[in-house]
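Source file: run.cif. Holds: mmCIF, C-alpha atoms.
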data_upload
#
loop_
_atom_site.label_atom_id
_atom_site.label_comp_id
_atom_site.auth_asym_id
_atom_site.auth_seq_id
_atom_site.Cartn_x
_atom_site.Cartn_y
_atom_site.Cartn_z
CA MET D 41 -33.18 30.98 54.73
CA THR D 42 -30.71 31.13 57.59
CA LYS D 43 -27.52 33.12 57.31
CA LYS D 44 -25.39 29.94 57.45
CA LEU D 45 -27.39 28.25 54.69
CA PHE D 46 -27.17 31.37 52.54
CA LEU D 47 -23.41 31.49 53.07
CA PHE D 48 -23.12 27.79 52.13
CA PHE D 49 -24.97 28.27 48.85
CA TRP D 50 -22.99 31.41 48.09
CA VAL D 51 -19.65 29.64 48.59
CA ALA D 52 -20.79 26.60 46.57
CA GLY D 53 -22.03 28.81 43.77
CA ALA D 54 -18.78 30.75 43.72
CA ALA D 55 -16.82 27.51 43.56
CA ILE D 56 -18.89 26.27 40.62
CA VAL D 57 -18.39 29.56 38.78
CA ALA D 58 -14.65 29.43 39.48
CA MET D 59 -14.44 25.88 38.14
CA MET D 60 -16.33 26.91 35.01
CA LEU D 61 -13.97 29.81 34.49
CA ILE D 62 -10.97 27.55 34.89
CA THR D 63 -12.46 25.06 32.44
CA CYS D 64 -13.14 27.83 29.94
CA ALA D 65 -9.68 29.28 30.39
CA LYS D 66 -7.96 25.91 29.84
CA PRO D 67 -9.76 23.93 27.15
CA GLU D 68 -8.83 20.33 26.60
CA PRO D 69 -5.96 19.96 24.10
CA THR D 70 -6.59 18.43 20.70
CA LYS D 71 -4.99 14.99 20.80
CA LEU D 72 -3.90 13.47 17.49
CA THR D 73 -2.41 10.12 16.50
CA PHE D 74 0.34 10.01 13.87
CA SER D 75 1.07 6.78 11.96
CA ILE D 76 4.57 6.46 10.44
CA PHE D 77 5.79 3.36 8.60
CA PHE D 78 9.52 4.07 9.01
CA PRO D 79 11.25 2.37 11.97
CA PRO D 80 11.68 4.47 15.14
CA THR D 81 15.41 5.07 14.63
CA HIS D 82 15.17 6.15 11.00
CA GLY D 83 16.14 9.74 10.15
CA GLN D 84 12.77 10.37 8.51
CA THR D 85 10.93 9.26 11.64
CA LYS D 86 13.07 11.61 13.72
CA ALA D 87 12.33 14.50 11.34
CA ALA D 88 8.60 13.80 11.50
CA MET D 89 8.74 13.65 15.29
CA ASP D 90 10.54 17.00 15.32
CA TRP D 91 7.73 18.35 13.13
CA ALA D 92 5.14 17.07 15.60
CA LYS D 93 7.04 18.59 18.54
CA GLU D 94 7.24 21.96 16.80
CA ILE D 95 3.48 21.88 16.20
CA GLU D 96 2.94 21.21 19.90
CA THR D 97 5.34 23.98 20.96
CA ARG D 98 3.97 26.63 18.60
CA THR D 99 0.38 25.90 19.61
CA GLY D 100 1.27 26.11 23.31
CA ASN D 101 0.41 22.40 23.64
CA LYS D 102 -3.12 23.05 22.45
CA VAL D 103 -2.30 20.22 20.05
CA GLN D 104 -0.68 17.04 21.34
CA ILE D 105 0.53 14.42 18.85
CA THR D 106 1.24 10.78 19.73
CA VAL D 107 3.54 9.13 17.18
CA PHE D 108 3.24 5.47 16.21
CA PRO D 109 6.38 4.56 14.17
CA GLY D 110 7.25 1.27 12.51
CA GLY D 111 3.79 0.70 11.06
CA THR D 112 2.38 -0.19 14.49
CA LEU D 113 -0.89 1.69 13.91
CA THR D 114 -1.30 1.23 10.15
CA LYS D 115 1.05 -0.56 7.78
CA ALA D 116 2.70 1.42 4.97
CA PRO D 117 0.16 0.53 2.21
CA GLN D 118 -2.79 1.32 4.51
CA CYS D 119 -1.40 4.56 5.95
CA TYR D 120 -3.21 6.90 3.54
CA SER D 121 -6.59 5.14 3.77
CA GLY D 122 -6.09 4.92 7.53
CA ALA D 123 -5.96 8.72 7.70
CA VAL D 124 -9.01 8.99 5.42
CA GLU D 125 -11.02 6.60 7.60
CA GLY D 126 -9.83 8.01 10.92
CA ILE D 127 -7.83 4.97 12.04
CA SER D 128 -5.10 7.53 12.56
CA ASP D 129 -5.46 11.31 12.52
CA LEU D 130 -2.17 11.82 10.67
CA GLY D 131 -0.34 9.52 8.28
CA PHE D 132 3.17 9.39 6.82
CA SER D 133 3.90 6.93 4.02
CA LEU D 134 4.36 6.96 0.24
CA PHE D 135 2.02 7.03 -2.74
CA ALA D 136 3.80 4.22 -4.61
CA TYR D 137 2.60 1.56 -2.16
CA THR D 138 -0.93 1.94 -3.57
CA ARG D 139 -0.08 1.92 -7.26
CA GLY D 140 -2.86 3.27 -9.50
CA ARG D 141 -4.62 5.27 -6.77
CA PHE D 142 -2.54 8.41 -7.38
CA PRO D 143 -2.09 8.67 -11.18
CA VAL D 144 -1.15 12.37 -11.17
CA MET D 145 1.35 12.20 -8.32
CA ALA D 146 2.96 9.20 -10.04
CA ALA D 147 4.54 11.70 -12.44
CA VAL D 148 6.98 12.82 -9.76
CA ASP D 149 8.28 9.25 -9.39
CA LEU D 150 9.37 8.97 -13.02
CA PRO D 151 13.10 8.35 -13.71
CA MET D 152 13.85 12.01 -14.34
CA GLY D 153 17.45 11.88 -13.12
CA TYR D 154 16.92 13.60 -9.77
CA PRO D 155 20.24 14.87 -8.36
CA ASN D 156 19.35 14.74 -4.64
CA GLY D 157 16.57 14.57 -2.08
CA LYS D 158 16.32 18.30 -1.53
CA VAL D 159 15.49 18.93 -5.19
CA ALA D 160 13.14 15.93 -5.35
CA SER D 161 11.29 17.13 -2.24
CA MET D 162 10.84 20.63 -3.60
CA VAL D 163 9.60 19.24 -6.92
CA ALA D 164 7.04 16.99 -5.18
CA GLN D 165 5.67 19.82 -3.02
CA GLU D 166 5.51 22.42 -5.80
CA PHE D 167 4.09 19.96 -8.31
CA ALA D 168 1.18 19.09 -6.00
CA LYS D 169 0.50 22.75 -5.22
CA ASN D 170 0.55 23.65 -8.90
CA PHE D 171 -1.84 20.93 -10.12
CA ASN D 172 -3.85 20.28 -6.92
CA PRO D 173 -4.84 16.76 -8.03
CA LYS D 174 -8.35 15.61 -7.15
CA GLU D 175 -6.96 12.28 -6.00
CA LEU D 176 -5.78 14.04 -2.81
CA ASN D 177 -9.08 15.72 -1.97
CA ASP D 178 -10.08 13.15 0.66
CA VAL D 179 -7.36 14.33 3.08
CA LYS D 180 -5.63 17.52 4.10
CA VAL D 181 -2.17 17.34 2.55
CA LEU D 182 0.19 18.96 5.02
CA TYR D 183 3.39 18.46 3.05
CA LEU D 184 5.20 16.17 0.63
CA HIS D 185 8.86 15.24 0.23
CA ALA D 186 10.88 12.75 -1.80
CA HIS D 187 14.06 10.73 -1.52
CA GLY D 188 17.29 11.20 -3.45
CA PRO D 189 18.06 9.29 -6.65
CA GLY D 190 16.96 5.66 -6.59
CA LEU D 191 19.95 3.45 -7.40
CA LEU D 192 20.49 -0.28 -7.91
CA HIS D 193 21.75 -2.40 -5.00
CA THR D 194 22.50 -6.04 -5.77
CA LYS D 195 24.02 -9.26 -4.51
CA LYS D 196 26.14 -9.68 -7.65
CA PRO D 197 27.82 -6.92 -9.68
CA VAL D 198 25.90 -5.04 -12.37
CA ARG D 199 28.35 -3.10 -14.50
CA LYS D 200 26.33 -2.96 -17.73
CA LEU D 201 22.73 -3.45 -18.84
CA GLU D 202 23.34 -7.05 -19.86
CA ASP D 203 24.27 -7.95 -16.27
CA LEU D 204 20.82 -6.94 -15.07
CA LYS D 205 18.88 -9.05 -17.56
CA GLY D 206 16.51 -11.48 -15.83
CA MET D 207 17.50 -10.49 -12.29
CA LYS D 208 14.69 -10.34 -9.73
CA ILE D 209 14.71 -6.78 -8.36
CA ARG D 210 12.53 -5.41 -5.60
CA ALA D 211 10.68 -2.27 -6.73
CA THR D 212 7.55 -0.25 -5.98
CA GLY D 213 5.24 1.89 -8.11
CA LEU D 214 6.82 3.30 -11.24
CA SER D 215 10.24 1.96 -10.29
CA ALA D 216 8.86 -1.46 -11.24
CA LYS D 217 8.54 -0.17 -14.81
CA VAL D 218 12.10 1.13 -14.61
CA VAL D 219 13.34 -2.33 -13.62
CA LYS D 220 11.45 -3.93 -16.49
CA ALA D 221 12.74 -1.36 -18.99
CA LEU D 222 16.30 -2.13 -17.90
CA GLY D 223 15.78 -5.86 -18.43
CA GLY D 224 15.20 -6.97 -14.86
CA VAL D 225 12.19 -8.72 -13.32
CA PRO D 226 10.36 -6.39 -10.88
CA VAL D 227 9.12 -7.86 -7.59
CA ALA D 228 6.75 -5.61 -5.63
CA MET D 229 7.26 -5.35 -1.88
CA PRO D 230 7.54 -2.62 0.79
CA GLN D 231 10.88 -1.69 2.32
CA GLY D 232 10.01 -3.52 5.52
CA GLY D 233 10.22 -6.89 3.77
CA THR D 234 13.23 -6.20 1.56
CA TYR D 235 15.98 -7.17 4.01
CA GLU D 236 14.64 -10.70 4.50
CA ALA D 237 13.85 -11.07 0.80
CA LEU D 238 17.46 -10.21 -0.09
CA LYS D 239 18.83 -12.40 2.68
CA LYS D 240 16.81 -15.43 1.59
CA GLY D 241 17.37 -14.88 -2.13
CA VAL D 242 13.74 -14.13 -2.93
CA VAL D 243 15.12 -11.11 -4.81
CA GLU D 244 18.63 -10.50 -6.11
CA GLY D 245 18.62 -6.76 -5.73
CA THR D 246 16.60 -3.67 -4.94
CA PHE D 247 16.13 -0.18 -6.28
CA GLY D 248 16.26 2.58 -3.69
CA PRO D 249 18.19 5.60 -2.46
CA MET D 250 21.53 5.14 -0.72
CA GLU D 251 19.84 5.67 2.65
CA VAL D 252 18.25 2.18 2.58
CA LEU D 253 21.72 0.68 2.99
CA LYS D 254 21.91 1.95 6.55
CA GLY D 255 18.38 3.09 7.41
CA TRP D 256 16.99 -0.35 6.56
CA LYS D 257 20.32 -2.23 7.07
CA GLN D 258 20.24 -3.51 3.49
CA ALA D 259 24.01 -3.10 3.12
CA GLU D 260 24.25 -6.26 5.22
CA VAL D 261 22.55 -8.35 2.54
CA ILE D 262 23.87 -6.81 -0.71
CA LYS D 263 27.41 -6.53 -2.02
CA TYR D 264 27.21 -3.95 -4.81
CA THR D 265 25.63 -0.60 -5.63
CA THR D 266 25.44 0.59 -9.24
CA GLU D 267 25.41 4.39 -9.46
CA CYS D 268 22.89 4.72 -12.29
CA TYR D 269 22.20 8.42 -11.74
CA SER D 270 20.96 8.96 -15.29
CA VAL D 271 17.83 6.97 -14.43
CA GLY D 272 17.59 8.28 -10.88
CA TYR D 273 13.92 8.14 -9.94
CA THR D 274 12.35 9.24 -6.68
CA THR D 275 9.43 8.20 -4.51
CA THR D 276 7.02 10.79 -3.15
CA PHE D 277 6.16 10.66 0.55
CA PHE D 278 3.18 12.34 2.19
CA VAL D 279 2.15 13.69 5.56
CA VAL D 280 -1.63 13.98 5.53
CA MET D 281 -4.43 14.62 8.01
CA ASN D 282 -7.97 13.33 8.33
CA LEU D 283 -10.27 15.98 6.86
CA ASP D 284 -12.70 16.06 9.79
CA LYS D 285 -9.83 16.55 12.22
CA TRP D 286 -8.40 19.32 10.06
CA ASN D 287 -11.72 21.13 9.73
CA ALA D 288 -12.23 20.96 13.50
CA LEU D 289 -9.07 22.98 14.14
CA SER D 290 -9.24 26.74 14.67
CA PRO D 291 -7.87 28.96 11.88
CA GLU D 292 -4.99 29.95 14.15
CA ILE D 293 -3.93 26.35 14.71
CA GLN D 294 -4.40 25.51 11.02
CA LYS D 295 -2.00 28.35 10.23
CA VAL D 296 0.62 26.86 12.56
CA PHE D 297 0.30 23.48 10.84
CA GLU D 298 0.75 25.05 7.41
CA GLU D 299 3.71 27.22 8.39
CA VAL D 300 5.58 24.39 10.10
CA SER D 301 4.76 21.97 7.28
CA ASP D 302 6.14 24.31 4.61
CA LYS D 303 9.37 24.50 6.58
CA TYR D 304 9.69 20.73 6.86
CA VAL D 305 9.69 20.04 3.11
CA LYS D 306 13.28 21.30 3.08
CA VAL D 307 14.09 19.62 6.41
CA HIS D 308 13.07 16.20 5.12
CA GLY D 309 14.90 16.80 1.84
CA GLU D 310 18.10 17.57 3.72
CA VAL D 311 17.60 14.51 5.90
CA TRP D 312 17.28 12.37 2.76
CA ASP D 313 20.60 13.74 1.54
CA SER D 314 22.41 13.30 4.85
CA THR D 315 21.13 9.74 5.24
CA ASP D 316 22.21 8.99 1.66
CA GLN D 317 25.72 9.95 2.72
CA GLU D 318 25.42 7.80 5.83
CA GLY D 319 24.26 4.89 3.68
CA ARG D 320 27.26 5.30 1.39
CA LYS D 321 29.69 5.31 4.30
CA TYR D 322 27.99 2.34 5.94
CA THR D 323 28.07 0.10 2.86
CA GLN D 324 31.73 0.99 2.23
CA SER D 325 32.56 0.17 5.85
CA LEU D 326 31.24 -3.34 5.21
CA GLY D 327 33.49 -3.74 2.20
CA ASN D 328 30.74 -3.46 -0.40
CA GLU D 329 31.61 -2.08 -3.83
CA ILE D 330 30.10 1.03 -5.42
CA ILE D 331 30.13 0.76 -9.21
CA SER D 332 30.22 3.94 -11.30
CA LEU D 333 28.91 3.71 -14.86
CA SER D 334 30.88 5.22 -17.73
CA ASP D 335 29.26 8.10 -19.61
CA GLN D 336 28.58 5.76 -22.52
CA GLU D 337 26.98 3.09 -20.35
CA SER D 338 25.01 5.69 -18.42
CA ALA D 339 23.57 6.95 -21.70
CA ARG D 340 22.47 3.42 -22.56
CA TRP D 341 20.56 3.17 -19.28
CA ARG D 342 18.95 6.55 -19.90
CA LYS D 343 17.84 5.52 -23.37
CA ALA D 344 16.40 2.28 -22.00
CA VAL D 345 14.04 4.06 -19.58
CA GLU D 346 12.86 6.80 -21.95
CA PRO D 347 9.88 4.62 -23.02
CA VAL D 348 8.70 4.63 -19.39
CA ILE D 349 8.32 8.41 -19.50
CA ALA D 350 6.84 8.31 -23.01
CA ASP D 351 4.31 5.69 -21.90
CA PHE D 352 3.27 7.82 -18.94
CA ILE D 353 2.74 10.83 -21.20
CA ALA D 354 0.74 8.81 -23.72
CA ASN D 355 -1.54 7.16 -21.16
CA THR D 356 -2.08 9.97 -18.65
CA PRO D 357 -4.35 12.95 -19.32
CA ASP D 358 -2.12 16.06 -19.24
CA GLY D 359 0.89 13.77 -18.84
CA ASP D 360 3.01 15.93 -21.12
CA ALA D 361 2.26 19.01 -19.01
CA TYR D 362 3.20 17.13 -15.84
CA VAL D 363 6.57 16.01 -17.21
CA LYS D 364 7.37 19.48 -18.55
CA LYS D 365 6.52 21.02 -15.18
CA ILE D 366 8.79 18.58 -13.36
CA ASN D 367 11.66 19.37 -15.71
CA ALA D 368 11.10 23.09 -15.14
CA LEU D 369 10.98 22.70 -11.36
CA MET D 370 14.21 20.68 -11.37
CA LYS D 371 15.96 23.58 -13.10
CA LYS D 372 14.77 26.30 -10.71
CA PRO D 373 17.69 28.50 -9.54
CA SER D 374 16.74 27.88 -5.90
CA ASN D 375 17.88 24.29 -6.35
#

Take the structure I supplied and represent it as structure tokens, if you would.
Amino acid sequence: MTKKLFLFFWVAGAAIVAMMLITCAKPEPTKLTFSIFFPPTHGQTKAAMDWAKEIETRTGNKVQITVFPGGTLTKAPQCYSGAVEGISDLGFSLFAYTRGRFPVMAAVDLPMGYPNGKVASMVAQEFAKNFNPKELNDVKVLYLHAHGPGLLHTKKPVRKLEDLKGMKIRATGLSAKVVKALGGVPVAMPQGGTYEALKKGVVEGTFGPMEVLKGWKQAEVIKYTTECYSVGYTTTFFVVMNLDKWNALSPEIQKVFEEVSDKYVKVHGEVWDSTDQEGRKYTQSLGNEIISLSDQESARWRKAVEPVIADFIANTPDGDAYVKKINALMKKPSN
């Protein structure tokens, strides 16, 4: 072998080794897709995007997350199954859109009289950790959170129970049972379709937190909000990951996900509360009326929904334990 040929092979070999070292030193990042049903401008979408950005930052961009808001990757009712099947790697939606699939987590959505989103979010997270329901074993649950008290928003005033009788009210999950217990007619539909349904008169009202009045622009198509805090229910939201994707992550990266996710339970709860305030201000700016119930009338509403909780306890294994745990968590000093 000539000296020039030897030198050529030596240089080529060195280059190959250098490229291998560079490749080893800089592995390809893990790229994940994140399906969110909320619209892009919604406060909850922004909080979830901040969560994703913090994951990227704390992993040194070893994880890169592409967010698909507005149900563009999977619609709200398919978001959970989409994460299970790998249509998306991460999913953010709510359990109530697939009623019956999550019988244990449904306990959190009962009309327990939640005071705000921060408390409801803490209850949802701690409840799931305490009972670890099997119904969630097909995903990695990163964190849960829940909105502030669900209230009644209508096109005509509801000042007492009798005013609600026979009215068609949009509801999801257990809130449908709340509507029925109060004398209304529940109509199931996701938030995305509620604006048009109210506008066209398909429904006469909707149950939801104050935030829907601005976040989903529903203040434009209702005229009244009844502050029925005594029956304030919540809806539990999830951020979950495909199990195969989770198991493929290194322990170090898994730790980052868990630490950031624990932090964001409170973040989302606070966002729920701030957007509730924004919803209140927005509906008042449009001249809509907020109706406060008297203590006596509020007690009537509370009594009317008590069978909903009793029915859950009677027809759910360990239902009594679930309700007692929720009541205990709501009273924790940290709240």

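Among the candidates D:Val363, D:Leu192, D:Met370, D:Val307, the one nearest to D:Gln258 when counting all atoms listed in the file is D:Leu192.
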
**Message:** Measuring between only C-alpha atoms, which one of D:Met152, D:Gly157, D:Tyr183, D:Asn287 shows the shortest distance to D:Glu346?
**Reply:** D:Met152

**Request:** Give me the result of the PyMOL selection byres ((chain D and resi 216-228) around 8) on this file, residue by residue, as a PyMOL selection string.
**Result:** chain D and resi 151+201-202+204-215+229-230+243+341+344-345+347-348

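Considering all atoms listed in the file, the residue among D:Leu150, D:Asn328, D:Lys196, D:Lys71 positioned nearest to D:Asp351 is D:Leu150.
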
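Put simply, atom CA of D:Lys321 is 28.0 Å away from atom CA of D:Lys303.
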
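For D:Ile127, the residues within 10 Å (counting only C-alpha atoms, excluding itself and residues fewer than 5 positions away along the chain) are Thr73, Phe74, Ser75, Leu113, Thr114, Gln118, Cys119, Tyr120, Ser121, Gly122 and Asn282 of chain D.
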
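If you look at atom CA of D:Ser338 and atom CA of D:Cys268, they are 6.6 Å away from each other.
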
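Put simply, the PyMOL selection byres ((chain D and resi 289-301) around 10) in this file takes in D:Thr70, D:Ala88, D:Trp91, D:Ala92, D:Glu94, D:Ile95, D:Glu96, D:Arg98, D:Thr99, D:Lys102, D:Val103, D:Val181, D:Leu182, D:Tyr183, D:Leu184, D:Val279, D:Asp284, D:Lys285, D:Trp286, D:Asn287, D:Ala288, D:Asp302, D:Lys303, D:Tyr304, D:Val305, D:Lys306, D:Val307.
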
Can I get the selected residues back with C-alpha atoms, as a JSON list (two decimals), in the frame of the given file?
[["chain", "number", "residue", "atom", "x", "y", "z"],
["D", 70, "THR", "CA", -6.59, 18.43, 20.70],
["D", 88, "ALA", "CA", 8.60, 13.80, 11.50],
["D", 91, "TRP", "CA", 7.73, 18.35, 13.13],
["D", 92, "ALA", "CA", 5.14, 17.07, 15.60],
["D", 94, "GLU", "CA", 7.24, 21.96, 16.80],
["D", 95, "ILE", "CA", 3.48, 21.88, 16.20],
["D", 96, "GLU", "CA", 2.94, 21.21, 19.90],
["D", 98, "ARG", "CA", 3.97, 26.63, 18.60],
["D", 99, "THR", "CA", 0.38, 25.90, 19.61],
["D", 102, "LYS", "CA", -3.12, 23.05, 22.45],
["D", 103, "VAL", "CA", -2.30, 20.22, 20.05],
["D", 181, "VAL", "CA", -2.17, 17.34, 2.55],
["D", 182, "LEU", "CA", 0.19, 18.96, 5.02],
["D", 183, "TYR", "CA", 3.39, 18.46, 3.05],
["D", 184, "LEU", "CA", 5.20, 16.17, 0.63],
["D", 279, "VAL", "CA", 2.15, 13.69, 5.56],
["D", 284, "ASP", "CA", -12.70, 16.06, 9.79],
["D", 285, "LYS", "CA", -9.83, 16.55, 12.22],
["D", 286, "TRP", "CA", -8.40, 19.32, 10.06],
["D", 287, "ASN", "CA", -11.72, 21.13, 9.73],
["D", 288, "ALA", "CA", -12.23, 20.96, 13.50],
["D", 302, "ASP", "CA", 6.14, 24.31, 4.61],
["D", 303, "LYS", "CA", 9.37, 24.50, 6.58],
["D", 304, "TYR", "CA", 9.69, 20.73, 6.86],
["D", 305, "VAL", "CA", 9.69, 20.04, 3.11],
["D", 306, "LYS", "CA", 13.28, 21.30, 3.08],
["D", 307, "VAL", "CA", 14.09, 19.62, 6.41]]

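Distance annotation: of D:Ala368, D:Met89, D:Val271, D:Ile349, the residue with the minimal separation from D:Met162 is D:Ala368; atom set is only C-alpha atoms.
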
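Distances from D:Phe247, D:Trp256, D:Phe108, D:Tyr269 to D:Phe132 were compared using all atoms listed in the file, and the smallest one belongs to D:Phe108.
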
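Shortest atom-to-atom contact with D:Asn367 among D:Leu238, D:Phe167, D:Gln324, D:Gly126: D:Phe167, counting only C-alpha atoms.
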
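Near D:Lys174, within 12 Å and counting all atoms listed in the file, sit Arg141, Phe142, Pro143, Val144, Met145, Ala168, Lys169, Val179, Lys180 and Val181 of chain D; same-chain residues fewer than 5 positions away were not included.
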
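One finds atom CA of D:Lys195 at 5.0 Å from atom CA of D:Lys263.
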
**Asked** Could you spell out the hits of the PyMOL selection byres ((chain D and resi 369) around 12) on the shown file, as a ChimeraX atom specification?
**Response** /D:148,152,154,159-168,170,362-368,370-375

Could you give me, as a CSV table (one decimal) with C-alpha atoms, keeping the file's coordinate frame, the residues that sit within 9 Å of (20.6, 2.4, -9.2) in the file's coordinates, counting all atoms listed in the file?
chain,number,residue,atom,x,y,z
D,189,PRO,CA,18.1,9.3,-6.6
D,190,GLY,CA,17.0,5.7,-6.6
D,191,LEU,CA,20.0,3.4,-7.4
D,192,LEU,CA,20.5,-0.3,-7.9
D,193,HIS,CA,21.8,-2.4,-5.0
D,246,THR,CA,16.6,-3.7,-4.9
D,247,PHE,CA,16.1,-0.2,-6.3
D,248,GLY,CA,16.3,2.6,-3.7
D,249,PRO,CA,18.2,5.6,-2.5
D,250,MET,CA,21.5,5.1,-0.7
D,265,THR,CA,25.6,-0.6,-5.6
D,266,THR,CA,25.4,0.6,-9.2
D,267,GLU,CA,25.4,4.4,-9.5
D,268,CYS,CA,22.9,4.7,-12.3
D,269,TYR,CA,22.2,8.4,-11.7
D,270,SER,CA,21.0,9.0,-15.3
D,271,VAL,CA,17.8,7.0,-14.4
D,272,GLY,CA,17.6,8.3,-10.9
D,273,TYR,CA,13.9,8.1,-9.9
